$ cat my_file_3.txt   # compact mmCIF, C-alpha atoms and all ligand atoms
# COMPACT_ATOMS: atom_id res chain seq x y z
CA MET A 1134 18.00 3.42 26.18
CA LYS A 1135 14.37 3.13 25.13
CA GLU A 1136 13.64 1.85 21.63
CA ILE A 1137 11.29 3.98 19.53
CA ILE A 1138 8.48 1.90 18.10
CA ALA A 1139 5.80 3.37 15.83
CA LEU A 1140 2.49 3.55 17.65
CA GLY A 1141 -0.82 2.66 16.00
CA GLY A 1142 -4.23 2.06 17.54
CA ARG A 1143 -7.48 0.20 17.13
CA LEU A 1144 -8.73 -0.02 13.57
CA ASP A 1145 -12.05 1.55 14.46
CA GLN A 1146 -10.27 4.50 16.06
CA THR A 1147 -7.70 5.05 13.32
CA LYS A 1148 -8.00 8.43 11.68
CA ALA A 1149 -8.13 9.03 7.94
CA ASP A 1150 -4.84 10.97 8.03
CA LEU A 1151 -2.79 7.91 8.79
CA ASN A 1152 0.84 7.77 9.69
CA TYR A 1153 2.87 5.29 7.74
CA LEU A 1154 6.23 3.62 8.14
CA CYS A 1155 8.64 4.48 5.31
CA GLY A 1156 11.13 2.38 3.38
CA PHE A 1157 10.79 -0.49 0.94
CA GLU A 1158 11.40 -3.90 2.54
CA ASN A 1159 12.69 -2.28 5.71
CA THR A 1160 12.30 -4.14 8.96
CA HIS A 1161 9.61 -2.20 10.79
CA SER A 1162 8.43 -2.36 14.41
CA THR A 1163 5.02 -1.06 15.38
CA GLN A 1164 2.52 -1.54 18.16
CA ALA A 1165 -1.05 -0.40 18.67
CA VAL A 1166 -0.70 -0.51 22.45
CA GLU A 1167 2.35 0.69 24.36
CA GLY A 1168 4.49 -2.23 25.49
CA ALA A 1169 2.97 -4.85 23.21
CA ILE A 1170 6.22 -5.70 21.42
CA PRO A 1171 8.75 -7.86 23.27
CA ILE A 1172 12.15 -6.17 23.22
CA GLY A 1173 15.24 -8.14 22.30
CA ARG A 1174 13.54 -11.46 21.59
CA ASN A 1175 10.77 -12.72 19.31
CA SER A 1176 9.05 -15.32 21.42
CA PRO A 1177 9.39 -14.80 25.19
CA GLN A 1178 7.92 -17.33 27.58
CA GLN A 1179 5.05 -14.93 28.21
CA PRO A 1180 4.60 -12.21 25.56
CA PRO A 1181 3.45 -8.82 26.88
CA LEU A 1182 -0.23 -8.02 27.50
CA GLY A 1183 -1.29 -11.67 27.23
CA LEU A 1184 -0.74 -11.70 23.45
CA TYR A 1185 0.23 -14.74 21.41
CA ALA A 1186 3.47 -14.63 19.39
CA GLU A 1187 3.27 -15.98 15.84
CA GLN A 1188 5.63 -15.90 12.87
CA LEU A 1189 4.46 -15.49 9.27
CA SER A 1190 7.25 -16.41 6.86
CA GLY A 1191 7.24 -14.98 3.35
CA THR A 1192 10.24 -16.98 2.17
CA ALA A 1193 11.79 -20.33 3.02
CA PHE A 1194 13.64 -20.21 6.35
CA THR A 1195 16.92 -20.66 4.52
CA ALA A 1196 16.43 -18.02 1.81
CA PRO A 1197 19.49 -15.77 1.44
CA ARG A 1198 19.52 -12.99 3.99
CA HIS A 1199 18.88 -10.20 1.46
CA LEU A 1200 15.78 -12.04 0.22
CA ASN A 1201 14.60 -13.47 3.54
CA LYS A 1202 11.21 -12.16 4.66
CA ARG A 1203 9.20 -12.82 7.76
CA THR A 1204 7.10 -10.96 10.27
CA TRP A 1205 6.35 -11.61 13.90
CA PHE A 1206 2.78 -10.97 15.00
CA TYR A 1207 1.69 -10.33 18.60
CA ARG A 1208 -2.02 -11.03 18.47
CA ILE A 1209 -5.08 -11.62 20.62
CA LEU A 1210 -5.50 -15.17 19.30
CA PRO A 1211 -3.15 -17.22 17.12
CA SER A 1212 -4.16 -17.96 13.54
CA VAL A 1213 -5.20 -21.51 14.36
CA LYS A 1214 -8.28 -19.81 15.81
CA HIS A 1215 -8.82 -17.98 12.51
CA GLY A 1216 -8.21 -20.75 10.03
CA THR A 1217 -10.01 -24.04 10.61
CA GLY A 1218 -13.23 -25.57 9.39
CA PHE A 1219 -12.99 -24.43 5.80
CA VAL A 1220 -15.63 -25.66 3.37
CA GLU A 1221 -15.30 -25.24 -0.40
CA VAL A 1222 -17.69 -22.70 -1.94
CA ASP A 1223 -18.41 -21.34 -5.41
CA LYS A 1224 -15.44 -19.31 -6.62
CA GLY A 1225 -17.67 -16.95 -8.61
CA ASN A 1226 -15.77 -15.21 -11.38
CA VAL A 1227 -12.33 -15.72 -9.84
CA ARG A 1228 -9.96 -17.93 -11.80
CA THR A 1229 -6.42 -19.14 -11.16
CA ALA A 1230 -3.84 -20.41 -13.64
CA PRO A 1231 -3.83 -22.80 -15.31
CA ALA A 1232 -7.26 -21.90 -16.70
CA PHE A 1233 -8.01 -22.19 -20.41
CA GLU A 1234 -11.52 -20.93 -21.03
CA SER A 1235 -11.41 -18.79 -24.16
CA ASN A 1236 -11.54 -19.87 -27.79
CA LEU A 1237 -10.48 -16.48 -29.10
CA PRO A 1238 -7.59 -16.50 -31.57
CA SER A 1239 -4.40 -14.70 -30.65
CA MET A 1240 -5.40 -11.14 -31.49
CA GLN A 1241 -5.41 -7.57 -30.28
CA LEU A 1242 -8.01 -7.28 -27.52
CA ARG A 1243 -9.55 -4.28 -25.86
CA TRP A 1244 -12.36 -3.88 -23.36
CA GLN A 1245 -14.58 -0.97 -22.47
CA PRO A 1246 -14.61 -0.05 -18.76
CA HIS A 1247 -16.27 -2.55 -16.51
CA ALA A 1248 -19.69 -1.31 -15.35
CA MET A 1249 -19.87 0.16 -11.87
CA PRO A 1250 -22.38 -1.57 -9.55
CA SER A 1251 -25.93 -0.38 -10.08
CA ASN A 1252 -27.91 1.23 -7.26
CA ASP A 1253 -30.19 -1.78 -6.88
CA GLU A 1254 -27.38 -4.22 -6.11
CA CYS A 1255 -25.17 -4.30 -3.05
CA ILE A 1256 -21.82 -5.93 -3.61
CA ASP A 1257 -18.56 -5.93 -1.72
CA PHE A 1258 -15.04 -6.59 -3.00
CA LEU A 1259 -15.39 -10.37 -2.87
CA ASP A 1260 -18.68 -10.23 -4.77
CA GLY A 1261 -17.24 -7.88 -7.37
CA LEU A 1262 -13.88 -9.55 -7.98
CA ALA A 1263 -13.53 -11.08 -11.46
CA THR A 1264 -10.59 -12.49 -13.37
CA ILE A 1265 -9.75 -11.19 -16.85
CA THR A 1266 -6.60 -13.18 -17.68
CA THR A 1267 -4.45 -15.91 -16.18
CA CYS A 1268 -1.06 -17.28 -17.12
CA GLY A 1269 1.52 -19.69 -15.77
CA ASN A 1270 0.67 -21.99 -12.90
CA ALA A 1271 -0.07 -20.81 -9.36
CA ASP A 1272 0.93 -24.14 -7.85
CA LEU A 1273 4.35 -23.91 -9.53
CA GLN A 1274 4.66 -20.29 -8.38
CA VAL A 1275 5.03 -18.87 -11.88
CA GLY A 1276 2.80 -16.47 -13.78
CA MET A 1277 0.03 -14.13 -12.74
CA ALA A 1278 -3.61 -13.20 -13.12
CA SER A 1279 -5.21 -9.87 -13.91
CA HIS A 1280 -8.48 -9.12 -12.19
CA ILE A 1281 -10.91 -6.25 -12.04
CA PHE A 1282 -12.98 -5.36 -9.00
CA VAL A 1283 -16.00 -3.20 -8.32
CA ALA A 1284 -17.84 -2.66 -5.03
CA ASN A 1285 -20.42 -0.33 -3.56
CA LYS A 1286 -20.27 -1.80 -0.07
CA SER A 1287 -17.49 -2.44 2.43
CA MET A 1288 -16.57 -5.97 3.46
CA ASP A 1289 -18.47 -6.13 6.75
CA ARG A 1290 -17.37 -8.98 9.03
CA ARG A 1291 -16.01 -10.64 5.88
CA TYR A 1292 -12.29 -11.19 5.36
CA PHE A 1293 -10.09 -12.65 2.64
CA LEU A 1294 -6.91 -14.69 2.64
CA ASN A 1295 -5.09 -15.53 -0.59
CA SER A 1296 -2.43 -18.22 -0.46
CA ASP A 1297 -1.96 -18.36 -4.25
CA GLY A 1298 -0.27 -15.02 -4.81
CA GLU A 1299 0.42 -11.50 -3.64
CA MET A 1300 -2.11 -8.92 -4.78
CA LEU A 1301 -1.16 -5.60 -6.39
CA PHE A 1302 -4.14 -3.23 -6.14
CA VAL A 1303 -4.55 -0.44 -8.71
CA PRO A 1304 -7.66 1.55 -7.72
CA GLN A 1305 -9.17 3.45 -10.62
CA GLU A 1306 -12.44 4.87 -9.30
CA ASN A 1307 -12.45 6.18 -5.70
CA ALA A 1308 -10.20 5.16 -2.83
CA ILE A 1309 -10.11 1.78 -1.13
CA ARG A 1310 -9.30 1.14 2.51
CA LEU A 1311 -7.31 -2.02 3.06
CA ASP A 1312 -7.73 -3.16 6.65
CA THR A 1313 -5.09 -5.85 7.11
CA GLU A 1314 -3.50 -7.87 9.88
CA CYS A 1315 -0.64 -5.35 9.83
CA GLY A 1316 -2.84 -2.25 9.91
CA ARG A 1317 -4.61 0.08 7.53
CA LEU A 1318 -3.71 1.43 4.09
CA ILE A 1319 -5.88 4.01 2.33
CA VAL A 1320 -5.19 3.82 -1.38
CA SER A 1321 -6.54 6.39 -3.84
CA PRO A 1322 -6.54 6.31 -7.65
CA GLY A 1323 -2.97 7.12 -8.64
CA GLU A 1324 -1.65 5.03 -5.77
CA ILE A 1325 -1.04 1.28 -5.61
CA ALA A 1326 -0.86 -1.22 -2.77
CA VAL A 1327 0.53 -4.73 -2.44
CA ILE A 1328 -0.76 -7.32 0.02
CA PRO A 1329 1.64 -10.27 0.34
CA LYS A 1330 0.16 -13.73 0.20
CA GLY A 1331 -0.93 -15.07 3.55
CA ILE A 1332 -2.03 -11.72 5.01
CA ARG A 1333 -5.71 -11.54 5.95
CA PHE A 1334 -7.55 -8.38 4.94
CA ALA A 1335 -10.85 -6.66 4.20
CA VAL A 1336 -11.51 -4.07 1.47
CA ARG A 1337 -13.61 -1.18 2.67
CA LEU A 1338 -14.93 1.95 1.00
CA VAL A 1339 -13.84 5.51 1.73
CA ASP A 1340 -15.67 7.88 -0.56
CA GLY A 1341 -18.09 5.89 -2.68
CA PRO A 1342 -18.27 2.94 -5.06
CA VAL A 1343 -14.91 1.65 -6.23
CA ARG A 1344 -13.44 0.11 -9.34
CA GLY A 1345 -9.90 -1.02 -9.98
CA TYR A 1346 -7.46 -3.54 -11.32
CA ILE A 1347 -5.42 -6.23 -9.55
CA CYS A 1348 -2.31 -8.12 -10.57
CA GLU A 1349 -2.13 -11.37 -8.64
CA ASN A 1350 1.51 -12.43 -8.76
CA TYR A 1351 2.14 -16.14 -8.24
CA GLY A 1352 5.92 -15.80 -8.59
CA GLN A 1353 8.73 -14.25 -6.60
CA ALA A 1354 7.64 -11.24 -4.56
CA LEU A 1355 7.53 -7.90 -6.34
CA THR A 1356 10.58 -5.81 -5.66
CA LEU A 1357 12.29 -2.70 -6.98
CA PRO A 1358 14.08 -3.17 -10.33
CA GLU A 1359 17.83 -2.68 -10.68
CA ARG A 1360 18.70 0.80 -11.95
CA GLY A 1361 21.88 -0.12 -13.83
CA PRO A 1362 23.62 2.93 -15.32
CA ILE A 1363 20.82 5.21 -14.05
CA GLY A 1364 22.56 5.13 -10.69
CA ALA A 1365 21.35 5.40 -7.13
CA ASN A 1366 18.29 7.62 -7.67
CA CYS A 1367 15.13 8.08 -9.77
CA LEU A 1368 12.39 5.69 -10.84
CA ALA A 1369 10.66 4.46 -7.64
CA ASN A 1370 12.64 5.46 -4.56
CA SER A 1371 12.64 3.19 -1.52
CA ARG A 1372 11.60 5.82 1.02
CA ASP A 1373 8.33 6.50 -0.81
CA PHE A 1374 6.91 3.07 -0.02
CA HIS A 1375 4.62 3.26 2.99
CA TYR A 1376 3.80 0.48 5.43
CA PRO A 1377 0.95 0.51 7.97
CA VAL A 1378 1.32 1.13 11.66
CA ALA A 1379 -0.15 -1.65 13.80
CA ALA A 1380 -3.92 -1.42 14.19
CA TYR A 1381 -6.34 -4.11 15.20
CA GLU A 1382 -9.99 -5.05 15.58
CA ASP A 1383 -11.16 -6.47 18.89
CA ILE A 1384 -14.51 -7.73 17.64
CA LEU A 1385 -16.20 -10.71 19.26
CA GLU A 1386 -18.93 -11.25 16.69
CA PRO A 1387 -19.51 -13.89 14.01
CA CYS A 1388 -17.27 -13.28 10.99
CA GLU A 1389 -16.60 -15.03 7.70
CA LEU A 1390 -13.15 -15.77 6.30
CA PHE A 1391 -12.71 -16.69 2.64
CA LEU A 1392 -9.57 -18.48 1.51
CA LYS A 1393 -8.30 -18.87 -2.05
CA SER A 1394 -5.94 -21.81 -2.31
CA GLN A 1395 -4.86 -23.62 -5.49
CA GLY A 1396 -7.57 -21.76 -7.35
CA ARG A 1397 -10.35 -23.04 -5.11
CA MET A 1398 -12.41 -20.85 -2.80
CA PHE A 1399 -13.17 -21.89 0.77
CA ARG A 1400 -15.18 -20.34 3.57
CA THR A 1401 -15.19 -20.66 7.32
CA GLU A 1402 -17.00 -18.96 10.18
CA LEU A 1403 -15.07 -17.30 12.97
CA ALA A 1404 -16.19 -16.16 16.38
CA GLN A 1405 -14.02 -13.05 16.17
CA SER A 1406 -12.25 -10.75 13.73
CA PRO A 1407 -8.96 -12.20 12.41
CA LEU A 1408 -7.47 -8.69 12.26
CA ASP A 1409 -6.35 -8.98 15.89
CA VAL A 1410 -2.63 -8.21 15.57
CA VAL A 1411 -1.81 -5.67 18.27
CA ALA A 1412 1.88 -5.37 17.36
CA TRP A 1413 4.25 -6.65 14.70
CA HIS A 1414 7.81 -6.40 13.54
CA GLY A 1415 9.44 -7.66 10.39
CA ASN A 1416 9.85 -7.06 6.67
CA TYR A 1417 6.87 -9.00 5.27
CA ALA A 1418 3.90 -6.64 5.27
CA PRO A 1419 1.50 -4.77 2.98
CA TYR A 1420 2.64 -1.48 1.51
CA LYS A 1421 1.43 1.37 -0.67
CA TYR A 1422 3.08 3.74 -3.13
CA ASN A 1423 2.01 6.98 -4.78
CA LEU A 1424 2.72 6.68 -8.51
CA LYS A 1425 3.19 10.46 -8.72
CA ARG A 1426 6.39 10.01 -6.74
CA PHE A 1427 7.87 7.93 -9.57
CA ALA A 1428 10.76 9.94 -11.08
CA PRO A 1429 10.72 9.08 -14.78
CA VAL A 1430 13.96 8.92 -16.73
CA GLY A 1431 13.68 9.10 -20.50
CA ALA A 1432 15.16 10.07 -23.84
CA THR A 1433 16.62 13.59 -23.79
CA LEU A 1434 17.73 13.86 -27.42
CA PHE A 1435 16.12 11.35 -29.79
CA ASP A 1436 14.17 8.06 -30.05
CA HIS A 1437 11.58 6.44 -27.81
CA PRO A 1438 13.05 4.24 -25.06
CA ASP A 1439 11.68 0.80 -24.22
CA PRO A 1440 8.84 0.93 -21.65
CA SER A 1441 10.95 -1.02 -19.17
CA ILE A 1442 12.41 2.37 -18.24
CA TYR A 1443 9.13 2.99 -16.36
CA THR A 1444 9.15 -0.22 -14.29
CA VAL A 1445 7.91 0.44 -10.76
CA LEU A 1446 8.07 -3.11 -9.40
CA THR A 1447 9.29 -6.39 -10.82
CA SER A 1448 8.89 -10.08 -10.01
CA ALA A 1449 11.91 -11.98 -11.27
CA SER A 1450 11.73 -15.35 -13.01
CA ASP A 1451 14.50 -17.93 -13.14
CA THR A 1452 15.78 -16.32 -16.38
CA PRO A 1453 17.84 -13.20 -15.70
CA GLY A 1454 16.26 -10.09 -17.21
CA THR A 1455 13.02 -11.86 -18.13
CA ALA A 1456 10.38 -10.97 -15.60
CA ASN A 1457 7.69 -13.21 -14.24
CA VAL A 1458 5.78 -9.93 -14.19
CA ASP A 1459 6.70 -6.25 -14.36
CA PHE A 1460 4.44 -3.46 -13.18
CA VAL A 1461 5.11 -0.57 -15.54
CA ILE A 1462 3.50 2.87 -15.64
CA PHE A 1463 3.18 5.62 -18.22
CA PRO A 1464 3.11 8.71 -16.02
CA GLU A 1465 3.10 12.44 -16.65
CA ARG A 1466 6.34 13.42 -18.37
CA TRP A 1467 7.99 15.72 -20.85
CA LEU A 1468 8.63 14.65 -24.42
CA VAL A 1469 11.60 16.53 -25.88
CA MET A 1470 13.05 14.18 -28.48
CA GLU A 1471 14.19 15.67 -31.79
CA ASP A 1472 13.53 14.03 -35.16
CA SER A 1473 11.72 11.18 -33.45
CA PHE A 1474 8.41 9.42 -33.65
CA ARG A 1475 7.51 10.09 -30.05
CA PRO A 1476 4.67 7.64 -29.24
CA PRO A 1477 5.46 3.94 -28.88
CA TRP A 1478 6.62 2.42 -32.15
CA TYR A 1479 4.84 -0.42 -33.90
CA HIS A 1480 5.99 -3.61 -32.25
CA MET A 1481 5.59 -7.31 -31.51
CA ASN A 1482 6.88 -8.17 -28.05
CA VAL A 1483 7.97 -11.55 -26.81
CA MET A 1484 6.37 -10.59 -23.48
CA SER A 1485 2.62 -10.17 -23.09
CA GLU A 1486 1.07 -6.86 -22.11
CA PHE A 1487 -2.11 -6.27 -20.11
CA MET A 1488 -2.79 -2.54 -19.98
CA GLY A 1489 -5.17 -0.34 -18.06
CA LEU A 1490 -5.77 3.39 -17.78
CA ILE A 1491 -6.25 4.98 -14.37
CA TYR A 1492 -6.96 8.50 -15.64
CA GLY A 1493 -6.32 10.79 -18.58
CA VAL A 1494 -5.41 9.93 -22.16
CA TYR A 1495 -2.82 7.38 -23.30
CA ASP A 1496 -0.73 9.00 -26.04
CA ALA A 1497 -0.63 6.02 -28.41
CA LYS A 1498 -4.39 5.40 -28.28
CA PRO A 1499 -6.26 8.71 -27.88
CA GLY A 1500 -9.54 7.08 -28.93
CA GLY A 1501 -11.21 3.95 -27.59
CA PHE A 1502 -8.87 3.27 -24.67
CA VAL A 1503 -10.55 5.03 -21.78
CA PRO A 1504 -10.08 5.10 -17.98
CA GLY A 1505 -11.30 1.83 -16.49
CA GLY A 1506 -10.79 0.03 -19.82
CA MET A 1507 -8.24 -2.67 -20.60
CA SER A 1508 -6.23 -4.05 -23.48
CA LEU A 1509 -4.30 -7.27 -24.00
CA HIS A 1510 -1.50 -7.92 -26.47
CA ASN A 1511 -0.14 -11.41 -26.12
CA PRO A 1512 3.37 -12.43 -27.26
CA LEU A 1513 4.17 -11.41 -30.81
CA VAL A 1514 0.72 -9.90 -31.44
CA ALA A 1515 1.41 -6.81 -33.56
CA HIS A 1516 0.20 -3.47 -32.22
CA GLY A 1517 1.11 0.17 -31.98
CA PRO A 1518 -0.30 3.65 -32.45
CA ASP A 1519 -3.71 3.96 -34.01
CA ASN A 1520 -4.16 5.87 -37.23
CA GLU A 1521 -4.90 9.18 -35.51
CA ALA A 1522 -1.86 8.97 -33.22
CA PHE A 1523 0.40 7.97 -36.13
CA SER A 1524 -0.79 10.82 -38.37
CA LYS A 1525 -0.31 13.46 -35.70
CA ALA A 1526 3.00 12.21 -34.38
CA SER A 1527 4.61 11.87 -37.79
CA THR A 1528 3.68 15.34 -39.04
CA LYS A 1529 3.60 17.64 -36.00
CA THR A 1530 6.23 20.26 -35.26
CA LEU A 1531 8.42 18.80 -32.54
CA GLU A 1532 8.60 21.10 -29.56
CA PRO A 1533 8.95 20.22 -25.89
CA GLU A 1534 5.58 18.76 -24.94
CA ARG A 1535 4.25 17.81 -21.52
CA LEU A 1536 1.99 14.79 -21.21
CA SER A 1537 -0.19 15.91 -18.32
CA GLY A 1538 -2.97 14.38 -16.29
CA THR A 1539 -2.37 10.83 -17.48
CA MET A 1540 -1.54 7.52 -15.79
CA ALA A 1541 -1.65 4.27 -17.72
CA PHE A 1542 -0.07 1.03 -16.55
CA MET A 1543 0.93 -2.40 -17.79
CA PHE A 1544 1.21 -5.87 -16.27
CA GLU A 1545 3.91 -7.33 -18.50
CA THR A 1546 4.75 -11.01 -18.20
CA ARG A 1547 6.83 -13.58 -20.04
CA PHE A 1548 3.77 -15.84 -20.26
CA THR A 1549 0.82 -15.81 -22.65
CA GLN A 1550 -2.21 -14.45 -20.84
CA ASN A 1551 -5.40 -16.46 -21.31
CA PRO A 1552 -8.64 -14.46 -21.20
CA THR A 1553 -11.30 -16.00 -19.00
CA ARG A 1554 -14.79 -16.92 -20.09
CA TYR A 1555 -15.99 -14.00 -17.99
CA ALA A 1556 -13.70 -11.59 -19.86
CA THR A 1557 -14.88 -12.69 -23.29
CA GLU A 1558 -18.57 -13.31 -22.58
CA GLU A 1559 -19.56 -11.08 -19.67
CA CYS A 1560 -17.32 -8.05 -20.27
CA ASP A 1561 -17.66 -5.45 -23.00
CA VAL A 1562 -15.10 -6.59 -25.57
CA ASP A 1563 -14.39 -3.89 -28.15
CA TYR A 1564 -14.30 -5.97 -31.31
CA SER A 1565 -13.79 -2.81 -33.37
CA TYR A 1566 -10.34 -2.34 -31.84
CA PRO A 1567 -8.36 -3.70 -34.84
CA ASP A 1568 -10.16 -1.09 -36.97
CA ALA A 1569 -7.92 1.47 -35.25
CA TRP A 1570 -5.25 0.70 -37.87
CA ASP A 1571 -7.59 0.70 -40.90
CA GLY A 1572 -6.51 4.17 -41.99
CA LEU A 1573 -2.83 3.30 -42.27
CA THR A 1574 -1.93 3.41 -45.96
CA ARG A 1575 1.07 2.67 -48.16
CA LYS A 1576 3.50 5.57 -48.36
CA PHE A 1577 6.33 3.74 -50.07
CA LYS A 1578 7.76 5.40 -53.16
CA SER A 1579 10.21 3.29 -55.14
FE FE A 1601 2.94 -2.83 -26.52
$ encode --input "my_file_3.txt" --output "structure tokens" --more "lines below"
Ligand SMILES: [Fe+2]
Amino acid sequence: MKEIIALGGRLDQTKADLNYLCGFENTHSTQAVEGAIPIGRNSPQQPPLGLYAEQLSGTAFTAPRHLNKRTWFYRILPSVKHGTGFVEVDKGNVRTAPAFESNLPSMQLRWQPHAMPSNDECIDFLDGLATITTCGNADLQVGMASHIFVANKSMDRRYFLNSDGEMLFVPQENAIRLDTECGRLIVSPGEIAVIPKGIRFAVRLVDGPVRGYICENYGQALTLPERGPIGANCLANSRDFHYPVAAYEDILEPCELFLKSQGRMFRTELAQSPLDVVAWHGNYAPYKYNLKRFAPVGATLFDHPDPSIYTVLTSASDTPGTANVDFVIFPERWLVMEDSFRPPWYHMNVMSEFMGLIYGVYDAKPGGFVPGGMSLHNPLVAHGPDNEAFSKASTKTLEPERLSGTMAFMFETRFTQNPTRYATEECDVDYSYPDAWDGLTRKFKS
């Protein structure tokens, strides 16, 4: 019986309407050339087509089976030909925890959208990557960083390898094309993608200049949250996670590879593209997900549930129920609660919250929090609806209401997020943000 293996192609011949492999953390098999994958063994004496066999492990060899991740590559040259001769270079605006650069007090913080690249500058993803917050310690594999990126040029013969953390991409302005060792993902605003640490990739443009957010997770790999009493369905469903079919570059031209390791940036020159994997099989690979496929579950009679109900992906910490980082969204949904204050309540959370807005209006902050902007509420920093949202929500007639055309998100972590010097000095901090609550007055009648 012949095994069916998903067929890809060369990266430069891959069409825009890509096929993807479906299923979160499934073991996938895919080849760009018929016969490239050895059948029935991982490392035969002579792999097919003159390829080199190489394993990339995403967990310790002895990790429990249900957590164990690894992928076998069948590539033109092994990675030792793509990863020597590194020299340290300026890390630009990229920071890695621990990094304490800001003297700001613990306060509510909000930023206006980061400026898109101007027409008289030409920057690619690596040029336009900047860190906004860091927390934890990358070397200890705890915590995360939030970054923003802008680019008006594809990474051309330039590649990136991050050994500090996996990278969750949240494009906000125009689609990005992630050309990786495992193949290609095209990710539009409203979709996300995750590139595990140790996978080489290049960010390329599809339809114009791009802007977006990144959560760099130093901790345990992002996975789907438990559903508890919700049952076997809803929230993010496994089959909606898409993995690339094998696709490769066979380019024999000078290339640059940048490596981020322990917060330092290194560069080396290669004689060929490192995206030379002709076939792969395994369960450690980049993936994408369309946030519109998230099936929200919420209150159907009264009260506003905790935002954890909208968790798409979670990275566990060593404390049960207390995430290293959660990726949470606030998608389109119906509000039907009776006798309830429907927006988020006023609160002080023990977790810290970095928020962004992909498109639309966020119901608790109709003014000042705009697509491409950001906010940060560190542990126990009080926040909640602004005056306008409070006034409307506490007096309006409660009828079924659809929140349409909106997609906000949150990187929520147990650690305090430290803004970088870049975030506080080079970005457009909205110091008027705390004024949003100025109009709240005493209503108490004894
Ligand atoms: Fe909050």
$ residues_near_ligand --input "my_file_3.txt" --ligand "ligand FE 1601 (chain A)" --cutoff "7 Å" --atoms "all atoms listed in the file" --output "PDB file with C-alpha atoms, in the coordinates of the input"
ATOM      1  CA  HIS A1480       5.990  -3.610 -32.250  1.00  0.00           C
ATOM      2  CA  ASN A1482       6.880  -8.170 -28.050  1.00  0.00           C
ATOM      3  CA  GLU A1486       1.070  -6.860 -22.110  1.00  0.00           C
ATOM      4  CA  HIS A1510      -1.500  -7.920 -26.470  1.00  0.00           C
ATOM      5  CA  HIS A1516       0.200  -3.470 -32.220  1.00  0.00           C
ATOM      6  CA  GLY A1517       1.110   0.170 -31.980  1.00  0.00           C
TER       7      GLY A1517
END
$ closest_residue --input "my_file_3.txt" --among "A:Asn1416, A:Gln1241, A:Asn1175, A:Gln1405" --to "Asn1201 of chain A" --atoms "all atoms listed in the file"
A:Asn1416
$ atom_distance --input "my_file_3.txt" --atom1 "atom CA of Ser1296 of chain A" --atom2 "atom CA of Leu1392 of chain A"
7.4 Å
$ closest_residue --input "my_file_3.txt" --among "A:Leu1311, A:Ile1172, A:Val1283, A:Ala1380" --to "Ala1412 of chain A" --atoms "only C-alpha atoms"
A:Ala1380
$ atom_distance --input "my_file_3.txt" --atom1 "atom CA of Met1249 of chain A" --atom2 "atom CA of Asp1145 of chain A"
27.5 Å
$ atom_distance --input "my_file_3.txt" --atom1 "atom CA of Ser1508 of chain A" --atom2 "atom CA of Met1488 of chain A"
5.1 Å
